[in-house]
>>> print(open('model_0.cif').read())   # mmCIF, N, CA and C atoms
data_upload
loop_
_atom_site.group_PDB
_atom_site.id
_atom_site.type_symbol
_atom_site.label_atom_id
_atom_site.label_comp_id
_atom_site.auth_asym_id
_atom_site.auth_seq_id
_atom_site.Cartn_x
_atom_site.Cartn_y
_atom_site.Cartn_z
ATOM 1 N N MET A 1 0.837 -1.176 0.000
ATOM 2 C CA MET A 1 0.000 0.000 0.000
ATOM 3 C C MET A 1 0.880 1.237 0.000
ATOM 4 N N VAL A 2 0.568 2.163 -0.853
ATOM 5 C CA VAL A 2 1.313 3.409 -0.937
ATOM 6 C C VAL A 2 0.640 4.430 -0.039
ATOM 7 N N ARG A 3 1.428 5.055 0.797
ATOM 8 C CA ARG A 3 0.889 6.078 1.688
ATOM 9 C C ARG A 3 1.078 7.446 1.051
ATOM 10 N N LEU A 4 -0.002 8.179 0.928
ATOM 11 C CA LEU A 4 0.066 9.511 0.348
ATOM 12 C C LEU A 4 0.751 10.475 1.310
ATOM 13 N N PRO A 5 1.467 11.448 0.775
ATOM 14 C CA PRO A 5 2.104 12.436 1.646
ATOM 15 C C PRO A 5 1.040 13.208 2.436
ATOM 16 N N LEU A 6 1.408 13.612 3.631
ATOM 17 C CA LEU A 6 0.485 14.377 4.464
ATOM 18 C C LEU A 6 0.350 15.798 3.933
ATOM 19 N N THR A 7 -0.820 16.347 4.102
ATOM 20 C CA THR A 7 -1.022 17.750 3.747
ATOM 21 C C THR A 7 -0.454 18.617 4.863
ATOM 22 N N GLN A 8 -0.255 19.882 4.571
ATOM 23 C CA GLN A 8 0.244 20.798 5.604
ATOM 24 C C GLN A 8 -0.756 20.895 6.757
ATOM 25 N N ALA A 9 -2.043 20.839 6.444
ATOM 26 C CA ALA A 9 -3.069 20.893 7.495
ATOM 27 C C ALA A 9 -2.956 19.692 8.432
ATOM 28 N N GLU A 10 -2.679 18.504 7.875
ATOM 29 C CA GLU A 10 -2.517 17.307 8.705
ATOM 30 C C GLU A 10 -1.278 17.420 9.579
ATOM 31 N N VAL A 11 -0.208 17.937 9.029
ATOM 32 C CA VAL A 11 1.025 18.134 9.802
ATOM 33 C C VAL A 11 0.769 19.122 10.935
ATOM 34 N N ASP A 12 0.118 20.242 10.629
ATOM 35 C CA ASP A 12 -0.183 21.261 11.644
ATOM 36 C C ASP A 12 -1.070 20.689 12.746
ATOM 37 N N ARG A 13 -2.089 19.919 12.354
ATOM 38 C CA ARG A 13 -2.996 19.309 13.319
ATOM 39 C C ARG A 13 -2.241 18.346 14.232
ATOM 40 N N GLY A 14 -1.347 17.551 13.659
ATOM 41 C CA GLY A 14 -0.562 16.619 14.456
ATOM 42 C C GLY A 14 0.354 17.324 15.434
ATOM 43 N N GLN A 15 0.953 18.422 15.001
ATOM 44 C CA GLN A 15 1.825 19.184 15.891
ATOM 45 C C GLN A 15 1.033 19.806 17.031
ATOM 46 N N ARG A 16 -0.146 20.330 16.726
ATOM 47 C CA ARG A 16 -0.971 20.935 17.770
ATOM 48 C C ARG A 16 -1.473 19.884 18.741
ATOM 49 N N LEU A 17 -1.896 18.736 18.230
ATOM 50 C CA LEU A 17 -2.334 17.638 19.086
ATOM 51 C C LEU A 17 -1.208 17.238 20.032
ATOM 52 N N GLY A 18 -0.006 17.070 19.484
ATOM 53 C CA GLY A 18 1.132 16.696 20.311
ATOM 54 C C GLY A 18 1.437 17.716 21.383
ATOM 55 N N ALA A 19 1.382 18.986 21.015
ATOM 56 C CA ALA A 19 1.655 20.057 21.990
ATOM 57 C C ALA A 19 0.610 20.049 23.105
ATOM 58 N N LEU A 20 -0.648 19.832 22.759
ATOM 59 C CA LEU A 20 -1.708 19.798 23.768
ATOM 60 C C LEU A 20 -1.539 18.612 24.717
ATOM 61 N N LEU A 21 -1.185 17.453 24.164
ATOM 62 C CA LEU A 21 -0.967 16.278 25.015
ATOM 63 C C LEU A 21 0.251 16.479 25.909
ATOM 64 N N ARG A 22 1.291 17.091 25.357
ATOM 65 C CA ARG A 22 2.488 17.360 26.169
ATOM 66 C C ARG A 22 2.144 18.301 27.313
ATOM 67 N N GLN A 23 1.379 19.328 27.024
ATOM 68 C CA GLN A 23 0.987 20.279 28.058
ATOM 69 C C GLN A 23 0.139 19.582 29.127
ATOM 70 N N ALA A 24 -0.762 18.730 28.710
ATOM 71 C CA ALA A 24 -1.622 18.020 29.650
ATOM 72 C C ALA A 24 -0.819 17.040 30.508
ATOM 73 N N ARG A 25 0.263 16.509 29.961
ATOM 74 C CA ARG A 25 1.102 15.567 30.721
ATOM 75 C C ARG A 25 1.766 16.263 31.890
ATOM 76 N N GLY A 26 2.082 17.542 31.736
ATOM 77 C CA GLY A 26 2.674 18.311 32.830
ATOM 78 C C GLY A 26 3.970 17.710 33.319
ATOM 79 N N SER A 27 4.053 17.487 34.608
ATOM 80 C CA SER A 27 5.297 16.979 35.198
ATOM 81 C C SER A 27 5.377 15.460 35.215
ATOM 82 N N ARG A 28 4.315 14.795 34.765
ATOM 83 C CA ARG A 28 4.361 13.329 34.719
ATOM 84 C C ARG A 28 5.376 12.887 33.678
ATOM 85 N N SER A 29 6.059 11.810 33.973
ATOM 86 C CA SER A 29 7.062 11.325 33.024
ATOM 87 C C SER A 29 6.394 10.672 31.820
ATOM 88 N N MET A 30 7.097 10.727 30.715
ATOM 89 C CA MET A 30 6.626 10.092 29.492
ATOM 90 C C MET A 30 6.473 8.586 29.732
ATOM 91 N N LEU A 31 7.406 8.005 30.466
ATOM 92 C CA LEU A 31 7.371 6.571 30.753
ATOM 93 C C LEU A 31 6.125 6.209 31.546
ATOM 94 N N GLU A 32 5.806 6.982 32.572
ATOM 95 C CA GLU A 32 4.624 6.717 33.390
ATOM 96 C C GLU A 32 3.352 6.756 32.546
ATOM 97 N N VAL A 33 3.217 7.784 31.741
ATOM 98 C CA VAL A 33 2.029 7.932 30.897
ATOM 99 C C VAL A 33 1.955 6.793 29.883
ATOM 100 N N ALA A 34 3.075 6.484 29.261
ATOM 101 C CA ALA A 34 3.100 5.416 28.256
ATOM 102 C C ALA A 34 2.702 4.075 28.864
ATOM 103 N N LEU A 35 3.273 3.736 30.015
ATOM 104 C CA LEU A 35 2.956 2.454 30.645
ATOM 105 C C LEU A 35 1.484 2.371 31.027
ATOM 106 N N ARG A 36 0.953 3.444 31.578
ATOM 107 C CA ARG A 36 -0.456 3.440 31.974
ATOM 108 C C ARG A 36 -1.379 3.397 30.762
ATOM 109 N N ALA A 37 -0.946 3.977 29.642
ATOM 110 C CA ALA A 37 -1.771 3.976 28.425
ATOM 111 C C ALA A 37 -1.593 2.703 27.600
ATOM 112 N N GLY A 38 -0.581 1.924 27.919
ATOM 113 C CA GLY A 38 -0.342 0.693 27.168
ATOM 114 C C GLY A 38 0.318 0.916 25.819
ATOM 115 N N VAL A 39 1.113 1.982 25.727
ATOM 116 C CA VAL A 39 1.862 2.270 24.501
ATOM 117 C C VAL A 39 3.325 2.457 24.870
ATOM 118 N N SER A 40 4.174 2.501 23.880
ATOM 119 C CA SER A 40 5.597 2.668 24.162
ATOM 120 C C SER A 40 5.922 4.133 24.445
ATOM 121 N N PRO A 41 6.944 4.380 25.251
ATOM 122 C CA PRO A 41 7.379 5.762 25.470
ATOM 123 C C PRO A 41 7.769 6.444 24.159
ATOM 124 N N GLU A 42 8.303 5.672 23.225
ATOM 125 C CA GLU A 42 8.677 6.224 21.921
ATOM 126 C C GLU A 42 7.443 6.728 21.167
ATOM 127 N N THR A 43 6.338 6.021 21.296
ATOM 128 C CA THR A 43 5.094 6.458 20.657
ATOM 129 C C THR A 43 4.632 7.787 21.249
ATOM 130 N N VAL A 44 4.665 7.890 22.571
ATOM 131 C CA VAL A 44 4.277 9.141 23.228
ATOM 132 C C VAL A 44 5.200 10.265 22.771
ATOM 133 N N ARG A 45 6.499 10.000 22.741
ATOM 134 C CA ARG A 45 7.467 11.021 22.328
ATOM 135 C C ARG A 45 7.205 11.490 20.904
ATOM 136 N N LYS A 46 6.950 10.552 19.996
ATOM 137 C CA LYS A 46 6.710 10.910 18.598
ATOM 138 C C LYS A 46 5.417 11.702 18.426
ATOM 139 N N ILE A 47 4.384 11.340 19.164
ATOM 140 C CA ILE A 47 3.126 12.086 19.075
ATOM 141 C C ILE A 47 3.313 13.486 19.636
ATOM 142 N N GLU A 48 3.931 13.584 20.808
ATOM 143 C CA GLU A 48 4.127 14.892 21.432
ATOM 144 C C GLU A 48 4.997 15.816 20.584
ATOM 145 N N SER A 49 5.950 15.251 19.871
ATOM 146 C CA SER A 49 6.848 16.076 19.058
ATOM 147 C C SER A 49 6.251 16.392 17.687
ATOM 148 N N GLY A 50 5.123 15.774 17.370
ATOM 149 C CA GLY A 50 4.486 16.003 16.078
ATOM 150 C C GLY A 50 5.043 15.137 14.963
ATOM 151 N N ARG A 51 5.943 14.208 15.291
ATOM 152 C CA ARG A 51 6.520 13.326 14.264
ATOM 153 C C ARG A 51 5.515 12.315 13.741
ATOM 154 N N VAL A 52 4.495 12.012 14.545
ATOM 155 C CA VAL A 52 3.394 11.167 14.088
ATOM 156 C C VAL A 52 2.195 12.096 13.978
ATOM 157 N N ALA A 53 1.968 12.590 12.788
ATOM 158 C CA ALA A 53 0.934 13.608 12.584
ATOM 159 C C ALA A 53 -0.474 13.030 12.610
ATOM 160 N N THR A 54 -0.608 11.746 12.313
ATOM 161 C CA THR A 54 -1.928 11.125 12.294
ATOM 162 C C THR A 54 -1.900 9.838 13.131
ATOM 163 N N PRO A 55 -1.772 9.980 14.451
ATOM 164 C CA PRO A 55 -1.724 8.780 15.290
ATOM 165 C C PRO A 55 -3.066 8.065 15.302
ATOM 166 N N ALA A 56 -3.032 6.798 15.621
ATOM 167 C CA ALA A 56 -4.260 6.003 15.700
ATOM 168 C C ALA A 56 -5.177 6.573 16.772
ATOM 169 N N PHE A 57 -6.464 6.590 16.467
ATOM 170 C CA PHE A 57 -7.437 7.121 17.419
ATOM 171 C C PHE A 57 -7.332 6.403 18.762
ATOM 172 N N SER A 58 -7.203 5.082 18.732
ATOM 173 C CA SER A 58 -7.146 4.323 19.985
ATOM 174 C C SER A 58 -5.935 4.717 20.824
ATOM 175 N N THR A 59 -4.829 5.069 20.176
ATOM 176 C CA THR A 59 -3.635 5.497 20.901
ATOM 177 C C THR A 59 -3.871 6.851 21.561
ATOM 178 N N VAL A 60 -4.435 7.784 20.815
ATOM 179 C CA VAL A 60 -4.736 9.103 21.372
ATOM 180 C C VAL A 60 -5.747 8.963 22.509
ATOM 181 N N ALA A 61 -6.759 8.123 22.330
ATOM 182 C CA ALA A 61 -7.771 7.920 23.368
ATOM 183 C C ALA A 61 -7.146 7.353 24.636
ATOM 184 N N ALA A 62 -6.232 6.412 24.490
ATOM 185 C CA ALA A 62 -5.583 5.814 25.660
ATOM 186 C C ALA A 62 -4.737 6.844 26.402
ATOM 187 N N ILE A 63 -3.964 7.628 25.665
ATOM 188 C CA ILE A 63 -3.123 8.649 26.289
ATOM 189 C C ILE A 63 -3.992 9.714 26.951
ATOM 190 N N ALA A 64 -5.010 10.183 26.238
ATOM 191 C CA ALA A 64 -5.910 11.205 26.787
ATOM 192 C C ALA A 64 -6.599 10.689 28.051
ATOM 193 N N GLY A 65 -6.987 9.425 28.041
ATOM 194 C CA GLY A 65 -7.628 8.842 29.215
ATOM 195 C C GLY A 65 -6.721 8.864 30.436
ATOM 196 N N VAL A 66 -5.465 8.519 30.239
ATOM 197 C CA VAL A 66 -4.501 8.544 31.333
ATOM 198 C C VAL A 66 -4.313 9.969 31.844
ATOM 199 N N LEU A 67 -4.346 10.929 30.941
ATOM 200 C CA LEU A 67 -4.127 12.323 31.307
ATOM 201 C C LEU A 67 -5.391 12.998 31.836
ATOM 202 N N GLY A 68 -6.533 12.323 31.747
ATOM 203 C CA GLY A 68 -7.784 12.908 32.201
ATOM 204 C C GLY A 68 -8.292 13.994 31.279
ATOM 205 N N VAL A 69 -7.974 13.858 29.983
ATOM 206 C CA VAL A 69 -8.373 14.854 28.996
ATOM 207 C C VAL A 69 -9.557 14.324 28.192
ATOM 208 N N SER A 70 -10.583 15.109 28.064
ATOM 209 C CA SER A 70 -11.741 14.747 27.261
ATOM 210 C C SER A 70 -11.362 14.796 25.781
ATOM 211 N N LEU A 71 -11.688 13.745 25.043
ATOM 212 C CA LEU A 71 -11.409 13.742 23.607
ATOM 213 C C LEU A 71 -12.180 14.844 22.890
ATOM 214 N N ASP A 72 -13.407 15.090 23.308
ATOM 215 C CA ASP A 72 -14.187 16.172 22.698
ATOM 216 C C ASP A 72 -13.480 17.513 22.855
ATOM 217 N N GLU A 73 -13.014 17.791 24.054
ATOM 218 C CA GLU A 73 -12.328 19.051 24.307
ATOM 219 C C GLU A 73 -10.986 19.106 23.579
ATOM 220 N N LEU A 74 -10.303 17.969 23.526
ATOM 221 C CA LEU A 74 -9.018 17.916 22.840
ATOM 222 C C LEU A 74 -9.183 18.242 21.361
ATOM 223 N N TRP A 75 -10.120 17.577 20.692
ATOM 224 C CA TRP A 75 -10.330 17.822 19.263
ATOM 225 C C TRP A 75 -10.824 19.241 19.015
ATOM 226 N N ALA A 76 -11.713 19.723 19.900
ATOM 227 C CA ALA A 76 -12.211 21.096 19.735
ATOM 228 C C ALA A 76 -11.069 22.098 19.840
ATOM 229 N N GLU A 77 -10.157 21.864 20.771
ATOM 230 C CA GLU A 77 -9.029 22.785 20.933
ATOM 231 C C GLU A 77 -8.072 22.709 19.751
ATOM 232 N N VAL A 78 -7.846 21.525 19.220
ATOM 233 C CA VAL A 78 -6.999 21.395 18.032
ATOM 234 C C VAL A 78 -7.613 22.187 16.885
ATOM 235 N N ASP A 79 -8.897 21.981 16.628
ATOM 236 C CA ASP A 79 -9.576 22.703 15.541
ATOM 237 C C ASP A 79 -9.589 24.202 15.781
ATOM 238 N N ARG A 80 -9.914 24.609 17.005
ATOM 239 C CA ARG A 80 -10.000 26.029 17.336
ATOM 240 C C ARG A 80 -8.644 26.713 17.151
ATOM 241 N N SER A 81 -7.594 26.082 17.605
ATOM 242 C CA SER A 81 -6.275 26.704 17.508
ATOM 243 C C SER A 81 -5.817 26.821 16.053
ATOM 244 N N LEU A 82 -6.196 25.858 15.231
ATOM 245 C CA LEU A 82 -5.800 25.912 13.822
ATOM 246 C C LEU A 82 -6.625 26.924 13.035
ATOM 247 N N ARG A 83 -7.777 27.275 13.561
ATOM 248 C CA ARG A 83 -8.631 28.280 12.909
ATOM 249 C C ARG A 83 -8.372 29.683 13.450
ATOM 250 N N GLY A 84 -7.409 29.792 14.349
ATOM 251 C CA GLY A 84 -7.053 31.109 14.870
ATOM 252 C C GLY A 84 -7.762 31.487 16.145
ATOM 253 N N GLY A 85 -8.539 30.557 16.722
ATOM 254 C CA GLY A 85 -9.201 30.832 17.986
ATOM 255 C C GLY A 85 -8.195 30.780 19.124
ATOM 256 N N VAL A 86 -8.592 31.289 20.257
ATOM 257 C CA VAL A 86 -7.691 31.279 21.414
ATOM 258 C C VAL A 86 -8.406 30.701 22.614
ATOM 259 N N GLY A 87 -7.627 30.024 23.437
ATOM 260 C CA GLY A 87 -8.124 29.551 24.724
ATOM 261 C C GLY A 87 -9.073 28.388 24.634
ATOM 262 N N PRO A 88 -9.076 27.571 25.689
ATOM 263 C CA PRO A 88 -9.985 26.429 25.746
ATOM 264 C C PRO A 88 -11.388 26.849 26.139
ATOM 265 N N ARG A 89 -12.350 26.024 25.771
ATOM 266 C CA ARG A 89 -13.730 26.288 26.164
ATOM 267 C C ARG A 89 -13.980 25.850 27.588
ATOM 268 N N ALA A 90 -13.208 24.877 28.051
ATOM 269 C CA ALA A 90 -13.404 24.374 29.410
ATOM 270 C C ALA A 90 -13.099 25.478 30.416
ATOM 271 N N GLN A 91 -13.711 25.381 31.567
ATOM 272 C CA GLN A 91 -13.473 26.369 32.596
ATOM 273 C C GLN A 91 -12.035 26.273 33.067
ATOM 274 N N ALA A 92 -11.438 27.405 33.382
ATOM 275 C CA ALA A 92 -10.077 27.424 33.883
ATOM 276 C C ALA A 92 -10.018 26.577 35.150
ATOM 277 N N GLY A 93 -8.961 25.800 35.261
ATOM 278 C CA GLY A 93 -8.778 24.969 36.426
ATOM 279 C C GLY A 93 -9.424 23.600 36.315
ATOM 280 N N SER A 94 -10.206 23.355 35.295
ATOM 281 C CA SER A 94 -10.828 22.059 35.090
ATOM 282 C C SER A 94 -9.734 21.033 34.813
ATOM 283 N N ARG A 95 -9.937 19.815 35.285
ATOM 284 C CA ARG A 95 -8.919 18.793 35.037
ATOM 285 C C ARG A 95 -8.869 18.417 33.573
ATOM 286 N N HIS A 96 -9.829 18.910 32.781
ATOM 287 C CA HIS A 96 -9.876 18.600 31.366
ATOM 288 C C HIS A 96 -9.284 19.692 30.498
ATOM 289 N N ASP A 97 -8.779 20.766 31.100
ATOM 290 C CA ASP A 97 -8.172 21.821 30.307
ATOM 291 C C ASP A 97 -6.983 21.270 29.544
ATOM 292 N N VAL A 98 -6.870 21.619 28.291
ATOM 293 C CA VAL A 98 -5.772 21.112 27.487
ATOM 294 C C VAL A 98 -4.890 22.224 26.935
ATOM 295 N N ALA A 99 -5.248 23.447 27.137
ATOM 296 C CA ALA A 99 -4.388 24.537 26.677
ATOM 297 C C ALA A 99 -4.515 25.721 27.591
#
>>> encode(input="model_0.cif", output="structure tokens")
Amino acid sequence: MVRLPLTQAEVDRGQRLGALLRQARGSRSMLEVALRAGVSPETVRKIESGRVATPAFSTVAAIAGVLGVSLDELWAEVDRSLRGGVGPRAQAGSRHDVA
């Protein structure tokens, strides 16, 4: 199977997703999050750095679950930030804040 090159929008979305997950991870170690999510630390590192622009939904869901991040809020923030919006919709201080 030939994989088509990613569009710039897909690359940007992957980078923003990674940045949001990294921010949500806070001071927790990559290893701790990876083990609890059932993925490799290398996978977490690649997603957070934007090197995996289109990670599997199940992987993102597992990581977000460990971090206590709502997938709805995560996707909304990715879309909002790419459209030029600012700030999360969640209330400040909520455990689900992602930006």
>>> atom_distance(input="model_0.cif", atom1="atom C of A:Gly84", atom2="atom CA of A:Ser70")
20.5 Å
>>> residues_around(input="model_0.cif", residues="A:Thr59", least_positions_apart="4", cutoff="10 Å", atoms="only C-alpha atoms", output="PyMOL selection string")
chain A and resi 34+37-39+43-44+47+55+63-65
>>> residues_around(input="model_0.cif", residues="stretch 18-30 of chain A", least_positions_apart="4", cutoff="7 Å", atoms="only N, CA and C atoms", output="list in words")
Arg13, Gly14, Ala34, Leu35, Ser40, Pro41, Val44, Arg45, Lys46, Ile47, Glu48, Ser49, Gly50, Leu67, Asp97, Val98 and Ala99 of chain A
>>> atom_distance(input="model_0.cif", atom1="atom CA of A:Ala62", atom2="atom C of A:Arg36")
7.0 Å
>>> closest_residue(input="model_0.cif", among="A:Val52, A:Ala61, A:Val33, A:Leu74", to="A:Glu10", atoms="only N, CA and C atoms")
A:Val52
>>> select_by_dssp(input="model_0.cif", residues="stretch 1-95 of chain A", states="alpha helix (DSSP H)", output="PyMOL selection string")
chain A and resi 8-25+30-37+41-49+57-67+71-82
>>> closest_residue(input="model_0.cif", among="A:Arg16, A:Met1, A:Ala56, A:Thr7", to="A:Leu82", atoms="all atoms listed in the file")
A:Arg16
>>> atom_distance(input="model_0.cif", atom1="atom CA of A:Ser81", atom2="atom N of A:Gln15")
11.3 Å
>>> closest_residue(input="model_0.cif", among="A:Arg83, A:Val11, A:Leu31, A:Val78", to="A:Arg51", atoms="only C-alpha atoms")
A:Val11
>>> closest_residue(input="model_0.cif", among="A:Glu42, A:Ala9, A:Val60, A:Glu32", to="A:Trp75", atoms="only C-alpha atoms")
A:Val60
>>> axis_aligned_box(input="model_0.cif", around="stretch 46-61 of chain A", padding_each_side="5 Å", output="JSON")
{"center_x": -0.4, "center_y": 10.4, "center_z": 18.5, "size_x": 24.7, "size_y": 22.1, "size_z": 22.3}
>>> build_atoms(input="model_0.cif", residues="stretch 9-19 of chain A", atoms="all heavy atoms", output="compact mmCIF listing (two decimals), keeping the file's coordinate frame")
# COMPACT_ATOMS: atom_id res chain seq x y z
N ALA A 9 -2.04 20.84 6.44
CA ALA A 9 -3.07 20.89 7.50
C ALA A 9 -2.96 19.69 8.43
O ALA A 9 -3.11 19.83 9.65
CB ALA A 9 -4.46 20.96 6.87
N GLU A 10 -2.68 18.50 7.88
CA GLU A 10 -2.52 17.31 8.70
C GLU A 10 -1.28 17.42 9.58
O GLU A 10 -1.30 17.04 10.75
CB GLU A 10 -2.43 16.06 7.83
CG GLU A 10 -3.75 15.70 7.17
CD GLU A 10 -3.61 14.62 6.12
OE1 GLU A 10 -2.59 14.57 5.40
OE2 GLU A 10 -4.56 13.80 6.02
N VAL A 11 -0.21 17.94 9.03
CA VAL A 11 1.02 18.13 9.80
C VAL A 11 0.77 19.12 10.94
O VAL A 11 1.14 18.88 12.09
CB VAL A 11 2.17 18.61 8.89
CG1 VAL A 11 3.39 19.03 9.70
CG2 VAL A 11 2.54 17.53 7.89
N ASP A 12 0.12 20.24 10.63
CA ASP A 12 -0.18 21.26 11.64
C ASP A 12 -1.07 20.69 12.75
O ASP A 12 -0.85 20.94 13.93
CB ASP A 12 -0.87 22.47 11.01
CG ASP A 12 0.04 23.25 10.09
OD1 ASP A 12 1.28 23.05 10.11
OD2 ASP A 12 -0.50 24.08 9.31
N ARG A 13 -2.09 19.92 12.35
CA ARG A 13 -3.00 19.31 13.32
C ARG A 13 -2.24 18.35 14.23
O ARG A 13 -2.44 18.34 15.45
CB ARG A 13 -4.12 18.58 12.59
CG ARG A 13 -5.26 18.14 13.48
CD ARG A 13 -6.41 17.52 12.71
NE ARG A 13 -6.74 18.31 11.53
CZ ARG A 13 -6.72 17.87 10.28
NH1 ARG A 13 -6.41 16.65 10.01
NH2 ARG A 13 -7.02 18.65 9.28
N GLY A 14 -1.35 17.55 13.66
CA GLY A 14 -0.56 16.62 14.46
C GLY A 14 0.35 17.32 15.43
O GLY A 14 0.51 16.90 16.58
N GLN A 15 0.95 18.42 15.00
CA GLN A 15 1.82 19.18 15.89
C GLN A 15 1.03 19.81 17.03
O GLN A 15 1.47 19.81 18.18
CB GLN A 15 2.58 20.25 15.10
CG GLN A 15 3.64 19.64 14.21
CD GLN A 15 4.32 20.66 13.31
OE1 GLN A 15 3.84 21.77 13.09
NE2 GLN A 15 5.46 20.27 12.76
N ARG A 16 -0.15 20.33 16.73
CA ARG A 16 -0.97 20.94 17.77
C ARG A 16 -1.47 19.88 18.74
O ARG A 16 -1.46 20.09 19.95
CB ARG A 16 -2.15 21.69 17.14
CG ARG A 16 -3.00 22.40 18.14
CD ARG A 16 -2.21 23.46 18.89
NE ARG A 16 -3.07 24.10 19.88
CZ ARG A 16 -2.65 24.56 21.03
NH1 ARG A 16 -1.38 24.52 21.35
NH2 ARG A 16 -3.50 25.12 21.86
N LEU A 17 -1.90 18.74 18.23
CA LEU A 17 -2.33 17.64 19.09
C LEU A 17 -1.21 17.24 20.03
O LEU A 17 -1.41 17.09 21.23
CB LEU A 17 -2.77 16.44 18.24
CG LEU A 17 -3.09 15.15 19.01
CD1 LEU A 17 -4.28 15.35 19.93
CD2 LEU A 17 -3.33 14.02 18.02
N GLY A 18 -0.01 17.07 19.48
CA GLY A 18 1.13 16.70 20.31
C GLY A 18 1.44 17.72 21.38
O GLY A 18 1.71 17.36 22.54
N ALA A 19 1.38 18.99 21.02
CA ALA A 19 1.66 20.06 21.99
C ALA A 19 0.61 20.05 23.10
O ALA A 19 0.95 20.23 24.29
CB ALA A 19 1.69 21.40 21.28
